[in-house]
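Peer 1: Below you'll find the structure I mean.
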Amino acid sequence: MIRLGTRRSALATAQATWVADRLRALGHDVELVPIVTTGDVNRAPLEQIGGTGVFVSALRDALLANEIDIAVHSLKDLPTAPVDGLSIGAVPVREDPRDVLVARDGLTLGELQRGALVGTGSPRRVAQLDALGLGLECTGIRGNVDTRIGLVAEGKLDAVVLARAGLSRLGRLAEVTETLDPIQVLPAPGQGALGIECRAEDTAVLAALAPLEDPATRAAVTAERQMLATLEAGCTAPVGALAEVVEGEDGPELWLRGALGQEDGVRRLSANGPVDDPVALGKALANELLEQT
């Protein structure tokens, strides 16, 4: 029996169930174990209660205490610093990493009037939306998908910006009024990807997880998260990143785009490198961004 720890939210449960179904298809017995995290019970802004890592600490504690065998994380919520005794046993194929707009009356970003109220709790999104010069008014929000979209339906906000992957996993893509081009808004490092964490010495679980691994996704998110780590930025900092494996002149290569919000705007750069050294690519692009600040 593999005990899979999950937060109780609809999205976390959907992600955990997705992983559990694939493990069961491989012949494993899987039990979902609900875990309550600080981020689930504290409604304060994330930057005040420790960043998005508050969603994962209780799951990691349960792993280290041998109360569960694996935990499924949204990689954009996972701190970049490793934890002794734990390992990301698998990174499955990634969902669409882009951000989306859910706006009143089916409007797109360009159709919103100047001064329109757009809900997002992400400094990354705020910095990039401000840089577009559309005159939008961003306001901080928290809560699950229902809560956020409900603010638009109730007329309290003109629009909200969310991760497309979450809506896809919840079967709610029909509510999207526009998928945002990464040229406008780069997603968070690791957005759309899952990390399945386990104890580093648990060879049986590591073997069970191996078939779920997607090497291209692993390379991409490793580059993005290394860029974030090199910038010494927390997950709530205004940092966007998106890496993709593309076909180059001499075979597959890794292409990484990065954005760093500053007081005077957003710095954007891109770089490419070998697929088998995503860490070096992430460090190189971060250092280039730092040189421009």
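Residue numbers start at 1 in each chain; chains themselves are named A, B, ... in the order of the structure tokens; ligands are numbered from 1 in the order shown.
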So that I can check the surroundings of Leu23 (chain A), please list as JSON, numbers by chain every protein, DNA and RNA residue that reaches within 9 Å of it, counting only C-alpha atoms and ignoring chain neighbours fewer than 6 positions away.
Peer 2: {"A": [29, 30, 208, 209, 211, 212]}
Peer 1: Could you write out that same residue set with C-alpha atoms as an mmCIF file, in the first residue's frame?
Peer 2:
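Generated output (again_0.cif):
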data_model
loop_
_atom_site.group_PDB
_atom_site.id
_atom_site.type_symbol
_atom_site.label_atom_id
_atom_site.label_comp_id
_atom_site.auth_asym_id
_atom_site.auth_seq_id
_atom_site.Cartn_x
_atom_site.Cartn_y
_atom_site.Cartn_z
ATOM 1 C CA ASP A 29 -2.621 -0.112 -4.052
ATOM 2 C CA VAL A 30 -2.896 3.585 -3.129
ATOM 3 C CA ALA A 208 7.002 2.561 -8.283
ATOM 4 C CA LEU A 209 7.248 6.232 -9.273
ATOM 5 C CA PRO A 211 7.257 5.091 -14.855
ATOM 6 C CA LEU A 212 5.564 8.438 -14.118
#
Peer 1: I need the residues of region 57-113 of chain A that end up classed as alpha helix (DSSP H) by DSSP on the backbone, written out as a PyMOL selection string.
Peer 2: chain A and resi 57-64
Peer 1: Just want the 10 Å neighbourhood of Gly85 (chain A), counted on only C-alpha atoms, with same-chain residues fewer than 5 positions away dropped. Output as a PDB file with N, CA and C atoms, in the first residue's frame.
Peer 2:
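Written out: part_9.pdb:
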ATOM      1  N   ARG A  60       5.597  17.495   4.073  1.00  0.00           N
ATOM      2  CA  ARG A  60       6.976  17.031   4.254  1.00  0.00           C
ATOM      3  C   ARG A  60       7.185  16.476   5.656  1.00  0.00           C
ATOM      4  N   LEU A  63       5.851  13.013   5.665  1.00  0.00           N
ATOM      5  CA  LEU A  63       6.768  12.087   4.990  1.00  0.00           C
ATOM      6  C   LEU A  63       7.907  11.680   5.913  1.00  0.00           C
ATOM      7  N   LEU A  64       8.524  12.672   6.545  1.00  0.00           N
ATOM      8  CA  LEU A  64       9.675  12.393   7.414  1.00  0.00           C
ATOM      9  C   LEU A  64       9.265  11.585   8.641  1.00  0.00           C
ATOM     10  N   CYS A 198       9.080  11.832  -2.037  1.00  0.00           N
ATOM     11  CA  CYS A 198       9.096  10.649  -1.174  1.00  0.00           C
ATOM     12  C   CYS A 198      10.368  10.669  -0.341  1.00  0.00           C
ATOM     13  N   ARG A 199      10.508   9.683   0.532  1.00  0.00           N
ATOM     14  CA  ARG A 199      11.749   9.571   1.289  1.00  0.00           C
ATOM     15  C   ARG A 199      12.866   9.084   0.363  1.00  0.00           C
ATOM     16  N   ALA A 200      14.019   9.701   0.489  1.00  0.00           N
ATOM     17  CA  ALA A 200      15.117   9.452  -0.445  1.00  0.00           C
ATOM     18  C   ALA A 200      15.607   8.006  -0.406  1.00  0.00           C
ATOM     19  N   GLU A 201      15.438   7.336   0.723  1.00  0.00           N
ATOM     20  CA  GLU A 201      15.943   5.969   0.867  1.00  0.00           C
ATOM     21  C   GLU A 201      14.874   4.912   0.598  1.00  0.00           C
ATOM     22  N   ASP A 202      13.684   5.339   0.231  1.00  0.00           N
ATOM     23  CA  ASP A 202      12.577   4.395   0.016  1.00  0.00           C
ATOM     24  C   ASP A 202      12.657   3.851  -1.413  1.00  0.00           C
TER      25      ASP A 202
END
Peer 1: With distances taken over only C-alpha atoms, which residue among A:Val205, A:Ile196, A:Leu117, A:Val176 lies nearest His28 (chain A)?
Peer 2: A:Val205
Peer 1: Would you list the contacts of Leu162 (chain A) as a PyMOL selection string, taking every protein, DNA or RNA residue within 7 Å and counting only C-alpha atoms, but skipping same-chain residues closer than 4 positions in sequence?
Peer 2: chain A and resi 99-101
Peer 1: Hey, can you spit out that residue selection with all heavy atoms as a compact mmCIF listing (two decimals), in the first residue's frame?
Peer 2:
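Saved the output as selection13.txt:
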# COMPACT_ATOMS: atom_id res chain seq x y z
N ASP A 99 -0.69 31.22 -17.82
CA ASP A 99 -1.74 31.86 -17.03
C ASP A 99 -2.96 32.10 -17.91
O ASP A 99 -2.85 32.17 -19.15
CB ASP A 99 -1.26 33.21 -16.48
CG ASP A 99 -0.39 33.06 -15.24
OD1 ASP A 99 -0.58 32.09 -14.48
OD2 ASP A 99 0.49 33.92 -15.03
N VAL A 100 -4.11 32.24 -17.26
CA VAL A 100 -5.34 32.54 -18.00
C VAL A 100 -6.08 33.67 -17.30
O VAL A 100 -5.90 33.94 -16.11
CB VAL A 100 -6.27 31.32 -18.11
CG1 VAL A 100 -5.63 30.21 -18.92
CG2 VAL A 100 -6.69 30.81 -16.73
N LEU A 101 -6.95 34.31 -18.09
CA LEU A 101 -7.84 35.34 -17.58
C LEU A 101 -9.26 34.78 -17.53
O LEU A 101 -9.71 34.13 -18.46
CB LEU A 101 -7.80 36.55 -18.51
CG LEU A 101 -8.50 37.84 -18.03
CD1 LEU A 101 -7.63 38.53 -16.98
CD2 LEU A 101 -8.76 38.78 -19.21
Peer 1: Choose the residue, out of A:Leu11, A:Met1, A:Gly143, A:Gly27, that has the smallest atom-to-atom separation from Gly171 (chain A); count only C-alpha atoms.
Peer 2: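 Under the stated criterion, the closest residue is A:Leu11.
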Peer 1: From the DSSP assignment of the backbone, select every residue of region 13-150 of chain A that is strand (DSSP E), and format the answer as JSON, numbers by chain.
Peer 2: {"A": [30, 31, 32, 33, 34, 70, 71, 72, 73, 74, 86, 87, 88, 89, 90, 99, 100, 101, 102, 103, 117, 118, 119, 137, 138, 139]}
Peer 1: Could the residues in this selection be saved with C-alpha atoms as a short mmCIF file (atom, residue, chain, number, x, y, z; two decimals), in the first residue's frame?
Peer 2:
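Below is the file that was written, selection_23.cif:
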data_model
loop_
_atom_site.label_atom_id
_atom_site.label_comp_id
_atom_site.auth_asym_id
_atom_site.auth_seq_id
_atom_site.Cartn_x
_atom_site.Cartn_y
_atom_site.Cartn_z
CA VAL A 30 -2.90 3.59 -3.13
CA GLU A 31 -4.60 5.25 -0.16
CA LEU A 32 -5.21 9.03 -0.06
CA VAL A 33 -4.32 10.57 3.30
CA PRO A 34 -5.69 14.12 3.87
CA ILE A 70 4.48 10.13 -1.14
CA ALA A 71 3.24 13.70 -1.44
CA VAL A 72 2.05 15.41 -4.60
CA HIS A 73 3.05 19.06 -4.89
CA SER A 74 2.42 21.77 -7.43
CA LEU A 86 13.46 13.67 0.87
CA SER A 87 13.62 13.39 -2.91
CA ILE A 88 11.44 14.33 -5.88
CA GLY A 89 10.86 10.78 -7.07
CA ALA A 90 9.03 11.73 -10.26
CA ASP A 99 -1.74 31.86 -17.03
CA VAL A 100 -5.34 32.54 -18.00
CA LEU A 101 -7.84 35.34 -17.58
CA VAL A 102 -11.37 34.76 -16.33
CA ALA A 103 -13.19 38.03 -16.95
CA LEU A 117 -10.10 45.63 -11.15
CA VAL A 118 -8.08 42.44 -11.67
CA GLY A 119 -7.64 39.98 -8.83
CA GLU A 137 -5.82 47.96 -11.17
CA CYS A 138 -4.52 44.78 -9.52
CA THR A 139 -5.79 43.73 -6.10
#
